[in-house]
Protein chains: 4
Amino acid sequence: MLEELKKQVCNANLELCKHQLVIYSWGNVSGIERASNRVAIKPSGISYDELSPDDIVIVDLLTGDVVEGSLKPSSDTPTHLELYRNFQQLGGICHTHSTYATMWAQACRDLPCFGTTHADHFYGSIPVTQRMSESEIKDDYELNTGKVIVRTFADTDPMQMPAVLVANHGPFTWGASASSAVENAVVLEQVAQMAAGTILINPHQSGIDSMLLDKHYLRKHGKNAYYGQK
Amino acid sequence: MLEELKKQVCNANLELCKHQLVIYSWGNVSGIERASNRVAIKPSGISYDELSPDDIVIVDLLTGDVVEGSLKPSSDTPTHLELYRNFQQLGGICHTHSTYATMWAQACRDLPCFGTTHADHFYGSIPVTQRMSESEIKDDYELNTGKVIVRTFADTDPMQMPAVLVANHGPFTWGASASSAVENAVVLEQVAQMAAGTILINPHQSGIDSMLLDKHYLRKHGKNAYYGQK
Amino acid sequence: MLEELKKQVCNANLELCKHQLVIYSWGNVSGIERASNRVAIKPSGISYDELSPDDIVIVDLLTGDVVEGSLKPSSDTPTHLELYRNFQQLGGICHTHSTYATMWAQACRDLPCFGTTHADHFYGSIPVTQRMSESEIKDDYELNTGKVIVRTFADTDPMQMPAVLVANHGPFTWGASASSAVENAVVLEQVAQMAAGTILINPHQSGIDSMLLDKHYLRKHGKNAYYGQK
Amino acid sequence: MLEELKKQVCNANLELCKHQLVIYSWGNVSGIERASNRVAIKPSGISYDELSPDDIVIVDLLTGDVVEGSLKPSSDTPTHLELYRNFQQLGGICHTHSTYATMWAQACRDLPCFGTTHADHFYGSIPVTQRMSESEIKDDYELNTGKVIVRTFADTDPMQMPAVLVANHGPFTWGASASSAVENAVVLEQVAQMAAGTILINPHQSGIDSMLLDKHYLRKHGKNAYYGQK
């Protein structure tokens, strides 16, 4: 089973490259096997053109210990683990510094839902976290990055809002699998670019009506979905 | 005959990919055979790299029923059909969420004609529709999307203005064939990007004079056209 | 001799594609043989992927008559000819609707010299023409486009300023040959993008000092040039 | 030894092309062998697709004389040499006119540290130099370009801030080797684009807290670094 997970996680990482969301060794994708509490994640600082399934590191969800693999896991591993521990439905997580999503994270502004492209994938504004405090940054920084994300979702279902902008940092996205986490990262980058242009063209534009948001989100998600071949 | 139409519609859909107007399964192109009232359209939620002419779905113009093909047609099919029923000269229709055109649609602003690139293809400002009402969104949403477009063209010849921006959504374009609908989508994306830059450089710029608009539009269209090898 | 010119002009047109300054059949490049007053130019409305040297049309500089070739010359031919007749040192001319240069043309603003990239190639602000009058547009539009450009250069050496922005239209560039006209189009597109960003970052920025302009322009051009392997 | 250096410098120059930071013959990268005071640098005005290790020119650090190679060195060589003479830890230097970094240089604004992408590589705002005076421009311009950079770093460790924006010109970057100088140029271009978007989205945004800057910079650099496989 874990061989299959490592392959999926490796492929999902390579998708980041293909969609031009990362350069050099930036970004990382993980996947989880819930039954065994095992998380598969990209090794730290390895270039995408050298990455193979055997390089993927397996860590324990609860302890964070490496249980398989000879490389060090991504330095962002504690963030991933904190999200998996708190958001039970997550099957995969993706972190990038993709250009337009990072602009919004750096601007410390929620990314408004200006249109149906956004509403098809994210149920409302994509939230930016609070800035982290000095003590949160000083020790256990990556774990605390996870905690500040979890805090941001106190009243939000992470499966309806599979993305967050960490203030002054960049986006994390997730989904039922590693590959859907990456798809959400790709779509986030698109809507982040579109939204930047939208406020340039109309600085006073507000988000879409809740009825239109519901229509688009729900025609693709949930029990009454009618998009696609299902 | 329909085999030929399915091939043309398949190729026109693939052109969307080639011109980078779509990712994943986004966007859709259709074509119509007027004699038989048959519309050929992309299936719903199918990736472009898997698309072949056999996947194209044939629906009846009046009833919307699938008359050929094993896949579900695009969820936007009722919008296409409403346009074909009201705009008699249309041979093809294209819908995308292309980046810059969608910015204008999300900004709910008409796209002004700032130059001859625009005037060569679109006879005036490209209109944005009204926002749809709650009742229009709630039931028969895709059909009503067609109706709001038709309403926008009450005083406009759709063959002289082969594009519209659906408010908070994105562009639809059309033409005498599926491939010319796609060409209009490509040009729309170009002029949408140019216009966004134009107002950044000169926020007070207004549209071009009607004489220049006439000159460029009419040197390419209508009985006195003199562009190209005709 | 003309075979060689047709080949050069064909290659220069294909360079436009390679540098992504054109789509479809947009844009055109010409070259001139001064001894015989023959101008070689792209045919009207032909796609770049079908273009071969045999398609290049030869027209007479003074009469504008086609003297060789079976296709119609570019509809912009009268503009090219007017420039060749008035600017004696021109060996090649290029016209595009490249994205960023067209933004400035549409904004009807001179493109300021904000840096040395610009100063290396263009000796000062790149001028925008006056808007054309109704009578200039109505008859002999393409010839009058040439005239309005010539008028813009009343006090400017076109070899020191090998580019112009036609108001509400787009750029023309030129040089000692068809290929250097294209190179100037490529550089113009770069500096147009950089300048748009410059005023976004610093809306009050003014052009560079004349001393820096002289230094950069003159280290590449004229008798004291010291850039390159000459 | 110098054969190896020429190869590294040639490859680093080709990386500029691969990462689309240069067109034509723009930009240049050098490397130094400290033991012999020999600097290897790109020849002036040579296109990247013709560049081989044998074309790399070797100059003397102190005199600037060519000691090996048949081509003229980059016209920016005196700038490189001045930086090597003053910044003892530099192993490589890179100069480009990359689009977004040049926008900031042309805007004469320091590039603020708005996020962790920036903080991972540059320890604070990337400084813009003073504008050069008339006398600095008139004689020994390229040497004086080096001097104005050195002056900008009076209170800054160039290894913690491996980039500068020369006012009205463009970026220089450096590092322990030619290839790391290029990597810093690539990252600079990314953060310059992100920062331009950040101030578009939030014009009042200020730089990140010093604690977050320290955390990110120091987890990648210095004795307590824990990023990567070391």
# chains A, B, ... in the order shown; residues from 1 in each chain; ligands from 1
$ select_by_dssp --residues "region 34-187 of chain D" --states "alpha helix (DSSP H)" --output "tab-separated table (two decimals) with all heavy atoms, in the first residue's frame"
chain	number	residue	atom	x	y	z
D	77	THR	N	32.51	44.31	-17.62
D	77	THR	CA	33.61	43.70	-16.86
D	77	THR	C	34.15	44.59	-15.73
D	77	THR	O	34.35	44.10	-14.60
D	77	THR	CB	34.74	43.27	-17.82
D	77	THR	OG1	34.20	42.34	-18.76
D	77	THR	CG2	35.89	42.62	-17.07
D	78	PRO	N	34.38	45.88	-15.96
D	78	PRO	CA	34.90	46.71	-14.85
D	78	PRO	C	33.98	46.73	-13.63
D	78	PRO	O	34.46	46.87	-12.49
D	78	PRO	CB	35.01	48.10	-15.48
D	78	PRO	CG	35.16	47.85	-16.95
D	78	PRO	CD	34.29	46.64	-17.22
D	79	THR	N	32.66	46.59	-13.85
D	79	THR	CA	31.74	46.51	-12.71
D	79	THR	C	31.99	45.23	-11.92
D	79	THR	O	32.11	45.24	-10.68
D	79	THR	CB	30.27	46.54	-13.19
D	79	THR	OG1	30.10	47.58	-14.15
D	79	THR	CG2	29.32	46.74	-12.02
D	80	HIS	N	32.07	44.10	-12.64
D	80	HIS	CA	32.33	42.82	-11.98
D	80	HIS	C	33.63	42.90	-11.16
D	80	HIS	O	33.68	42.48	-10.00
D	80	HIS	CB	32.45	41.70	-13.01
D	80	HIS	CG	31.16	41.31	-13.68
D	80	HIS	ND1	30.63	40.05	-13.59
D	80	HIS	CD2	30.29	42.01	-14.45
D	80	HIS	CE1	29.49	39.98	-14.29
D	80	HIS	NE2	29.27	41.17	-14.82
D	81	LEU	N	34.68	43.41	-11.78
D	81	LEU	CA	35.99	43.41	-11.10
D	81	LEU	C	35.95	44.24	-9.83
D	81	LEU	O	36.50	43.84	-8.79
D	81	LEU	CB	37.08	43.94	-12.05
D	81	LEU	CG	37.29	43.12	-13.33
D	81	LEU	CD1	38.46	43.69	-14.14
D	81	LEU	CD2	37.52	41.64	-13.03
D	82	GLU	N	35.27	45.38	-9.90
D	82	GLU	CA	35.18	46.24	-8.71
D	82	GLU	C	34.46	45.52	-7.56
D	82	GLU	O	34.85	45.65	-6.39
D	82	GLU	CB	34.45	47.54	-9.06
D	82	GLU	CG	34.36	48.56	-7.94
D	82	GLU	CD	35.70	49.15	-7.50
D	82	GLU	OE1	36.73	48.89	-8.18
D	82	GLU	OE2	35.73	49.84	-6.47
D	83	LEU	N	33.44	44.74	-7.92
D	83	LEU	CA	32.74	43.98	-6.88
D	83	LEU	C	33.62	42.88	-6.30
D	83	LEU	O	33.68	42.70	-5.08
D	83	LEU	CB	31.43	43.40	-7.44
D	83	LEU	CG	30.40	44.42	-7.93
D	83	LEU	CD1	29.14	43.70	-8.42
D	83	LEU	CD2	30.05	45.43	-6.86
D	84	TYR	N	34.33	42.14	-7.17
D	84	TYR	CA	35.23	41.10	-6.67
D	84	TYR	C	36.32	41.69	-5.76
D	84	TYR	O	36.72	41.08	-4.77
D	84	TYR	CB	35.90	40.35	-7.83
D	84	TYR	CG	35.00	39.36	-8.55
D	84	TYR	CD1	34.80	39.45	-9.92
D	84	TYR	CD2	34.39	38.32	-7.85
D	84	TYR	CE1	34.00	38.53	-10.60
D	84	TYR	CE2	33.58	37.40	-8.52
D	84	TYR	CZ	33.39	37.50	-9.89
D	84	TYR	OH	32.60	36.59	-10.55
D	85	ARG	N	36.84	42.86	-6.11
D	85	ARG	CA	37.92	43.47	-5.32
D	85	ARG	C	37.43	43.91	-3.94
D	85	ARG	O	38.17	43.86	-2.97
D	85	ARG	CB	38.49	44.67	-6.08
D	85	ARG	CG	39.42	44.26	-7.23
D	85	ARG	CD	40.18	45.44	-7.83
D	85	ARG	NE	39.30	46.41	-8.45
D	85	ARG	CZ	39.15	46.57	-9.78
D	85	ARG	NH1	39.83	45.81	-10.64
D	85	ARG	NH2	38.32	47.47	-10.25
D	86	ASN	N	36.16	44.30	-3.85
D	86	ASN	CA	35.66	44.83	-2.58
D	86	ASN	C	34.89	43.83	-1.73
D	86	ASN	O	34.81	43.99	-0.52
D	86	ASN	CB	34.76	46.05	-2.85
D	86	ASN	CG	35.59	47.27	-3.22
D	86	ASN	OD1	36.04	47.99	-2.34
D	86	ASN	ND2	35.84	47.47	-4.52
D	99	THR	N	12.90	41.19	-16.38
D	99	THR	CA	11.76	42.11	-16.49
D	99	THR	C	11.33	42.75	-15.18
D	99	THR	O	11.28	43.98	-15.06
D	99	THR	CB	10.56	41.37	-17.12
D	99	THR	OG1	11.01	40.78	-18.35
D	99	THR	CG2	9.42	42.33	-17.42
D	100	TYR	N	11.02	41.97	-14.18
D	100	TYR	CA	10.44	42.53	-12.96
D	100	TYR	C	11.49	43.18	-12.06
D	100	TYR	O	11.24	44.22	-11.44
D	100	TYR	CB	9.64	41.47	-12.19
D	100	TYR	CG	8.34	41.16	-12.90
D	100	TYR	CD1	8.26	40.16	-13.86
D	100	TYR	CD2	7.21	41.92	-12.66
D	100	TYR	CE1	7.07	39.91	-14.54
D	100	TYR	CE2	6.02	41.67	-13.33
D	100	TYR	CZ	5.96	40.66	-14.27
D	100	TYR	OH	4.79	40.42	-14.95
D	101	ALA	N	12.67	42.60	-11.98
D	101	ALA	CA	13.73	43.24	-11.18
D	101	ALA	C	14.08	44.59	-11.79
D	101	ALA	O	14.31	45.57	-11.07
D	101	ALA	CB	14.95	42.33	-11.12
D	102	THR	N	14.08	44.67	-13.12
D	102	THR	CA	14.40	45.93	-13.79
D	102	THR	C	13.32	46.97	-13.54
D	102	THR	O	13.61	48.17	-13.42
D	102	THR	CB	14.62	45.69	-15.29
D	102	THR	OG1	15.70	44.77	-15.45
D	102	THR	CG2	14.96	46.98	-16.02
D	103	MET	N	12.05	46.54	-13.44
D	103	MET	CA	10.99	47.49	-13.10
D	103	MET	C	11.30	48.22	-11.79
D	103	MET	O	11.14	49.43	-11.68
D	103	MET	CB	9.65	46.76	-12.93
D	103	MET	CG	9.04	46.27	-14.22
D	103	MET	SD	7.53	45.30	-13.82
D	103	MET	CE	7.14	44.65	-15.45
D	104	TRP	N	11.71	47.45	-10.78
D	104	TRP	CA	12.04	48.06	-9.47
D	104	TRP	C	13.26	48.97	-9.59
D	104	TRP	O	13.30	50.05	-8.99
D	104	TRP	CB	12.25	46.97	-8.41
D	104	TRP	CG	10.98	46.35	-7.95
D	104	TRP	CD1	10.36	45.25	-8.49
D	104	TRP	CD2	10.12	46.79	-6.89
D	104	TRP	NE1	9.18	44.98	-7.83
D	104	TRP	CE2	9.01	45.91	-6.83
D	104	TRP	CE3	10.18	47.83	-5.97
D	104	TRP	CZ2	7.98	46.04	-5.90
D	104	TRP	CZ3	9.15	47.97	-5.02
D	104	TRP	CH2	8.06	47.09	-5.01
D	105	ALA	N	14.26	48.51	-10.34
D	105	ALA	CA	15.46	49.34	-10.53
D	105	ALA	C	15.09	50.64	-11.24
D	105	ALA	O	15.57	51.72	-10.88
D	105	ALA	CB	16.50	48.56	-11.34
D	106	GLN	N	14.21	50.54	-12.23
D	106	GLN	CA	13.78	51.73	-12.97
D	106	GLN	C	12.91	52.65	-12.09
D	106	GLN	O	12.92	53.87	-12.28
D	106	GLN	CB	13.02	51.33	-14.23
D	106	GLN	CG	13.89	50.65	-15.27
D	106	GLN	CD	13.22	50.51	-16.63
D	106	GLN	OE1	13.91	50.37	-17.64
D	106	GLN	NE2	11.90	50.52	-16.69
D	107	ALA	N	12.16	52.05	-11.18
D	107	ALA	CA	11.32	52.84	-10.28
D	107	ALA	C	12.15	53.46	-9.16
D	107	ALA	O	11.66	54.29	-8.41
D	107	ALA	CB	10.22	51.96	-9.69
D	116	THR	N	8.14	35.26	2.93
D	116	THR	CA	9.19	34.30	3.25
D	116	THR	C	9.97	33.83	2.03
D	116	THR	O	11.09	33.36	2.16
D	116	THR	CB	8.58	33.09	3.98
D	116	THR	OG1	7.66	32.45	3.10
D	116	THR	CG2	7.86	33.52	5.25
D	117	THR	N	9.37	33.93	0.84
D	117	THR	CA	10.13	33.59	-0.37
D	117	THR	C	11.36	34.47	-0.45
D	117	THR	O	12.48	34.01	-0.75
D	117	THR	CB	9.28	33.82	-1.64
D	117	THR	OG1	7.94	33.37	-1.43
D	117	THR	CG2	9.88	33.13	-2.84
D	118	HIS	N	11.14	35.74	-0.20
D	118	HIS	CA	12.21	36.73	-0.18
D	118	HIS	C	13.16	36.46	0.99
D	118	HIS	O	14.39	36.41	0.80
D	118	HIS	CB	11.54	38.11	-0.07
D	118	HIS	CG	12.45	39.29	-0.13
D	118	HIS	ND1	12.27	40.33	-1.02
D	118	HIS	CD2	13.53	39.64	0.60
D	118	HIS	CE1	13.20	41.24	-0.83
D	118	HIS	NE2	13.97	40.85	0.14
D	119	ALA	N	12.58	36.25	2.16
D	119	ALA	CA	13.40	36.08	3.37
D	119	ALA	C	14.26	34.81	3.32
D	119	ALA	O	15.29	34.73	3.98
D	119	ALA	CB	12.49	36.04	4.60
D	134	GLU	N	26.66	62.96	-12.93
D	134	GLU	CA	27.11	63.18	-14.31
D	134	GLU	C	28.57	62.78	-14.49
D	134	GLU	O	28.93	62.17	-15.50
D	134	GLU	CB	26.91	64.65	-14.69
D	134	GLU	CG	25.44	65.03	-14.76
D	134	GLU	CD	25.14	66.05	-15.86
D	134	GLU	OE1	26.07	66.54	-16.52
D	134	GLU	OE2	23.94	66.32	-16.07
D	135	SER	N	29.39	63.11	-13.50
D	135	SER	CA	30.81	62.79	-13.68
D	135	SER	C	31.05	61.28	-13.57
D	135	SER	O	31.93	60.75	-14.25
D	135	SER	CB	31.67	63.56	-12.67
D	135	SER	OG	31.36	63.12	-11.36
D	136	GLU	N	30.26	60.61	-12.74
D	136	GLU	CA	30.41	59.15	-12.66
D	136	GLU	C	30.00	58.47	-13.96
D	136	GLU	O	30.53	57.41	-14.33
D	136	GLU	CB	29.54	58.60	-11.52
D	136	GLU	CG	30.12	58.86	-10.12
D	136	GLU	CD	29.16	58.48	-9.01
D	136	GLU	OE1	27.92	58.56	-9.21
D	136	GLU	OE2	29.64	58.11	-7.93
D	137	ILE	N	29.02	59.05	-14.64
D	137	ILE	CA	28.54	58.47	-15.89
D	137	ILE	C	29.52	58.76	-17.03
D	137	ILE	O	29.80	57.90	-17.86
D	137	ILE	CB	27.14	59.04	-16.24
D	137	ILE	CG1	26.11	58.53	-15.24
D	137	ILE	CG2	26.74	58.65	-17.66
D	137	ILE	CD1	24.77	59.24	-15.31
D	138	LYS	N	30.07	59.97	-17.00
D	138	LYS	CA	30.85	60.44	-18.15
D	138	LYS	C	32.10	59.59	-18.40
D	138	LYS	O	32.34	59.13	-19.51
D	138	LYS	CB	31.25	61.90	-17.92
D	138	LYS	CG	31.69	62.56	-19.20
D	138	LYS	CD	31.73	64.08	-19.05
D	138	LYS	CE	32.22	64.71	-20.34
D	138	LYS	NZ	33.26	65.71	-20.09
D	141	TYR	N	32.45	54.75	-16.66
D	141	TYR	CA	31.06	54.49	-16.26
D	141	TYR	C	30.89	53.11	-15.63
D	141	TYR	O	30.25	52.96	-14.58
D	141	TYR	CB	30.16	54.63	-17.49
D	141	TYR	CG	28.76	54.15	-17.31
D	141	TYR	CD1	27.89	54.77	-16.42
D	141	TYR	CD2	28.27	53.06	-18.04
D	141	TYR	CE1	26.59	54.32	-16.26
D	141	TYR	CE2	26.97	52.62	-17.89
D	141	TYR	CZ	26.14	53.25	-16.99
D	141	TYR	OH	24.86	52.81	-16.83
D	142	GLU	N	31.45	52.09	-16.27
D	142	GLU	CA	31.24	50.73	-15.76
D	142	GLU	C	31.97	50.51	-14.44
D	142	GLU	O	31.45	49.85	-13.54
D	142	GLU	CB	31.66	49.69	-16.81
D	142	GLU	CG	30.73	49.64	-18.02
D	142	GLU	CD	31.04	50.71	-19.09
D	142	GLU	OE1	32.04	51.46	-18.90
D	142	GLU	OE2	30.31	50.80	-20.08
D	143	LEU	N	33.16	51.06	-14.31
D	143	LEU	CA	33.88	51.00	-13.03
D	143	LEU	C	33.08	51.73	-11.95
D	143	LEU	O	32.90	51.23	-10.83
D	143	LEU	CB	35.26	51.64	-13.18
D	143	LEU	CG	36.07	51.78	-11.88
D	143	LEU	CD1	36.41	50.41	-11.30
D	143	LEU	CD2	37.36	52.59	-12.13
D	144	ASN	N	32.55	52.89	-12.29
D	144	ASN	CA	31.79	53.67	-11.31
D	144	ASN	C	30.47	52.99	-10.93
D	144	ASN	O	29.97	53.18	-9.82
D	144	ASN	CB	31.52	55.09	-11.84
D	144	ASN	CG	32.79	55.92	-11.84
D	144	ASN	OD1	33.68	55.71	-11.01
D	144	ASN	ND2	32.91	56.84	-12.78
D	145	THR	N	29.93	52.21	-11.86
D	145	THR	CA	28.75	51.40	-11.51
D	145	THR	C	29.11	50.44	-10.38
D	145	THR	O	28.33	50.25	-9.43
D	145	THR	CB	28.25	50.62	-12.75
D	145	THR	OG1	27.93	51.55	-13.79
D	145	THR	CG2	27.03	49.79	-12.43
D	146	GLY	N	30.28	49.85	-10.46
D	146	GLY	CA	30.75	49.01	-9.36
D	146	GLY	C	30.92	49.81	-8.07
D	146	GLY	O	30.52	49.36	-6.99
D	147	LYS	N	31.49	51.00	-8.18
D	147	LYS	CA	31.74	51.81	-6.98
D	147	LYS	C	30.43	52.21	-6.30
D	147	LYS	O	30.34	52.22	-5.06
D	147	LYS	CB	32.54	53.07	-7.35
D	147	LYS	CG	34.01	52.80	-7.68
D	147	LYS	CD	34.75	54.12	-7.90
D	147	LYS	CE	36.13	53.92	-8.52
D	147	LYS	NZ	37.10	53.24	-7.64
D	148	VAL	N	29.41	52.57	-7.10
D	148	VAL	CA	28.15	52.98	-6.48
D	148	VAL	C	27.47	51.79	-5.78
D	148	VAL	O	26.81	51.94	-4.76
D	148	VAL	CB	27.22	53.69	-7.50
D	148	VAL	CG1	26.57	52.71	-8.46
D	148	VAL	CG2	26.15	54.50	-6.80
D	149	ILE	N	27.69	50.59	-6.32
D	149	ILE	CA	27.18	49.39	-5.64
D	149	ILE	C	27.93	49.19	-4.32
D	149	ILE	O	27.31	48.96	-3.26
D	149	ILE	CB	27.32	48.14	-6.54
D	149	ILE	CG1	26.45	48.25	-7.79
D	149	ILE	CG2	26.98	46.88	-5.75
D	149	ILE	CD1	26.66	47.15	-8.83
D	150	VAL	N	29.23	49.27	-4.37
D	150	VAL	CA	30.03	49.07	-3.15
D	150	VAL	C	29.61	50.07	-2.07
D	150	VAL	O	29.45	49.71	-0.90
D	150	VAL	CB	31.53	49.19	-3.47
D	150	VAL	CG1	32.37	49.23	-2.19
D	150	VAL	CG2	31.98	48.03	-4.37
D	151	ARG	N	29.40	51.32	-2.48
D	151	ARG	CA	28.97	52.36	-1.55
D	151	ARG	C	27.62	52.01	-0.90
D	151	ARG	O	27.39	52.27	0.28
D	151	ARG	CB	28.82	53.67	-2.30
D	151	ARG	CG	29.34	54.88	-1.58
D	151	ARG	CD	29.72	55.99	-2.56
D	151	ARG	NE	28.59	56.41	-3.37
D	151	ARG	CZ	28.69	56.84	-4.64
D	151	ARG	NH1	29.87	56.87	-5.25
D	151	ARG	NH2	27.64	57.21	-5.30
D	152	THR	N	26.74	51.39	-1.68
D	152	THR	CA	25.42	50.99	-1.17
D	152	THR	C	25.54	49.95	-0.06
D	152	THR	O	24.66	49.82	0.78
D	152	THR	CB	24.59	50.42	-2.35
D	152	THR	OG1	24.57	51.38	-3.40
D	152	THR	CG2	23.17	50.10	-1.93
D	178	ALA	N	29.48	31.06	-9.67
D	178	ALA	CA	28.72	31.61	-10.80
D	178	ALA	C	27.30	31.06	-10.79
D	178	ALA	O	26.33	31.80	-11.02
D	178	ALA	CB	29.42	31.27	-12.12
D	179	SER	N	27.14	29.77	-10.49
D	179	SER	CA	25.80	29.19	-10.56
D	179	SER	C	24.91	29.70	-9.43
D	179	SER	O	23.71	29.88	-9.61
D	179	SER	CB	25.85	27.67	-10.61
D	179	SER	OG	26.06	27.15	-9.33
D	180	SER	N	25.49	29.95	-8.26
D	180	SER	CA	24.62	30.49	-7.20
D	180	SER	C	24.29	31.96	-7.45
D	180	SER	O	23.23	32.43	-7.04
D	180	SER	CB	25.21	30.24	-5.81
D	180	SER	OG	26.29	31.10	-5.59
D	181	ALA	N	25.15	32.68	-8.14
D	181	ALA	CA	24.81	34.04	-8.57
D	181	ALA	C	23.59	34.03	-9.48
D	181	ALA	O	22.68	34.87	-9.36
D	181	ALA	CB	26.00	34.68	-9.29
D	182	VAL	N	23.54	33.05	-10.38
D	182	VAL	CA	22.39	32.92	-11.28
D	182	VAL	C	21.14	32.51	-10.50
D	182	VAL	O	20.06	33.06	-10.73
D	182	VAL	CB	22.69	31.93	-12.43
D	182	VAL	CG1	21.44	31.63	-13.22
D	182	VAL	CG2	23.78	32.48	-13.33
D	183	GLU	N	21.29	31.57	-9.58
D	183	GLU	CA	20.13	31.19	-8.78
D	183	GLU	C	19.55	32.41	-8.06
D	183	GLU	O	18.33	32.60	-8.01
D	183	GLU	CB	20.49	30.09	-7.77
D	183	GLU	CG	19.28	29.70	-6.95
D	183	GLU	CD	19.46	28.45	-6.08
D	183	GLU	OE1	20.37	27.65	-6.35
D	183	GLU	OE2	18.67	28.28	-5.14
D	184	ASN	N	20.40	33.26	-7.53
D	184	ASN	CA	19.90	34.47	-6.87
D	184	ASN	C	19.21	35.41	-7.86
D	184	ASN	O	18.26	36.10	-7.49
D	184	ASN	CB	21.04	35.18	-6.12
D	184	ASN	CG	21.40	34.44	-4.84
D	184	ASN	OD1	20.55	33.82	-4.21
D	184	ASN	ND2	22.67	34.50	-4.45
D	185	ALA	N	19.67	35.42	-9.10
D	185	ALA	CA	19.00	36.25	-10.12
D	185	ALA	C	17.61	35.71	-10.42
D	185	ALA	O	16.65	36.47	-10.63
D	185	ALA	CB	19.84	36.30	-11.39
D	186	VAL	N	17.49	34.38	-10.45
D	186	VAL	CA	16.19	33.75	-10.72
D	186	VAL	C	15.21	34.05	-9.58
D	186	VAL	O	14.06	34.43	-9.80
D	186	VAL	CB	16.35	32.22	-10.90
D	186	VAL	CG1	15.00	31.53	-10.98
D	186	VAL	CG2	17.19	31.92	-12.13
D	187	VAL	N	15.69	33.90	-8.35
D	187	VAL	CA	14.83	34.15	-7.19
D	187	VAL	C	14.47	35.63	-7.10
D	187	VAL	O	13.32	35.99	-6.82
D	187	VAL	CB	15.51	33.67	-5.89
D	187	VAL	CG1	14.63	34.01	-4.68
D	187	VAL	CG2	15.76	32.17	-5.95
$ interface_residues --of "chain D" --to "chain C" --cutoff "10 Å" --atoms "only C-alpha atoms" --output "NGL selection string"
:D and (23-26 or 43-46 or 71-76 or 97-109 or 111 or 131-139 or 141 or 166-170 or 193 or 195-197 or 199-200 or 203)
$ atom_distance --atom1 "CA of Glu68 (chain A)" --atom2 "CA of Gln8 (chain A)"
16.1 Å
$ residues_around --residues "Trp174 (chain D)" --least-positions-apart "3" --cutoff "6 Å" --atoms "only C-alpha atoms" --output "PyMOL selection string"
chain D and resi 92-94+162+181
$ residues_around --residues "Glu33 (chain C)" --least-positions-apart "2" --cutoff "9 Å" --atoms "only C-alpha atoms" --output "list in words"
Met1, Leu2, Leu5, Gly31, Ala35, Ser36, Asn37, Arg38, Val39, Ala40 and Gly91 of chain C
$ write_last_selection --atoms "N, CA, C and O atoms" --output "compact mmCIF listing (two decimals), in the first residue's frame"
# COMPACT_ATOMS: atom_id res chain seq x y z
N MET C 1 19.25 38.94 -56.64
CA MET C 1 19.23 39.80 -55.45
C MET C 1 17.88 39.76 -54.73
O MET C 1 17.80 39.63 -53.52
N LEU C 2 16.79 39.83 -55.49
CA LEU C 2 15.49 39.87 -54.83
C LEU C 2 15.16 38.54 -54.15
O LEU C 2 14.43 38.51 -53.16
N LEU C 5 16.52 38.93 -50.82
CA LEU C 5 15.68 39.85 -50.03
C LEU C 5 14.40 39.14 -49.56
O LEU C 5 13.98 39.29 -48.40
N GLY C 31 11.21 44.56 -46.36
CA GLY C 31 12.59 45.00 -46.59
C GLY C 31 12.67 45.69 -47.94
O GLY C 31 11.80 45.47 -48.80
N ALA C 35 18.50 50.25 -54.51
CA ALA C 35 18.98 50.47 -55.89
C ALA C 35 17.85 50.36 -56.91
O ALA C 35 17.78 51.14 -57.87
N SER C 36 16.94 49.42 -56.67
CA SER C 36 15.87 49.19 -57.65
C SER C 36 14.52 49.70 -57.17
O SER C 36 13.52 49.53 -57.87
N ASN C 37 14.48 50.32 -55.99
CA ASN C 37 13.20 50.79 -55.44
C ASN C 37 12.16 49.67 -55.32
O ASN C 37 10.96 49.88 -55.56
N ARG C 38 12.62 48.49 -54.97
CA ARG C 38 11.71 47.36 -54.80
C ARG C 38 11.57 47.05 -53.31
O ARG C 38 12.56 46.95 -52.59
N VAL C 39 10.31 46.86 -52.88
CA VAL C 39 10.02 46.52 -51.49
C VAL C 39 9.43 45.11 -51.43
O VAL C 39 8.49 44.80 -52.19
N ALA C 40 9.98 44.29 -50.56
CA ALA C 40 9.47 42.92 -50.36
C ALA C 40 8.67 42.91 -49.07
O ALA C 40 9.16 43.36 -48.03
N GLY C 91 16.13 50.15 -44.03
CA GLY C 91 16.28 48.95 -44.85
C GLY C 91 15.17 47.94 -44.58
O GLY C 91 14.93 47.03 -45.37
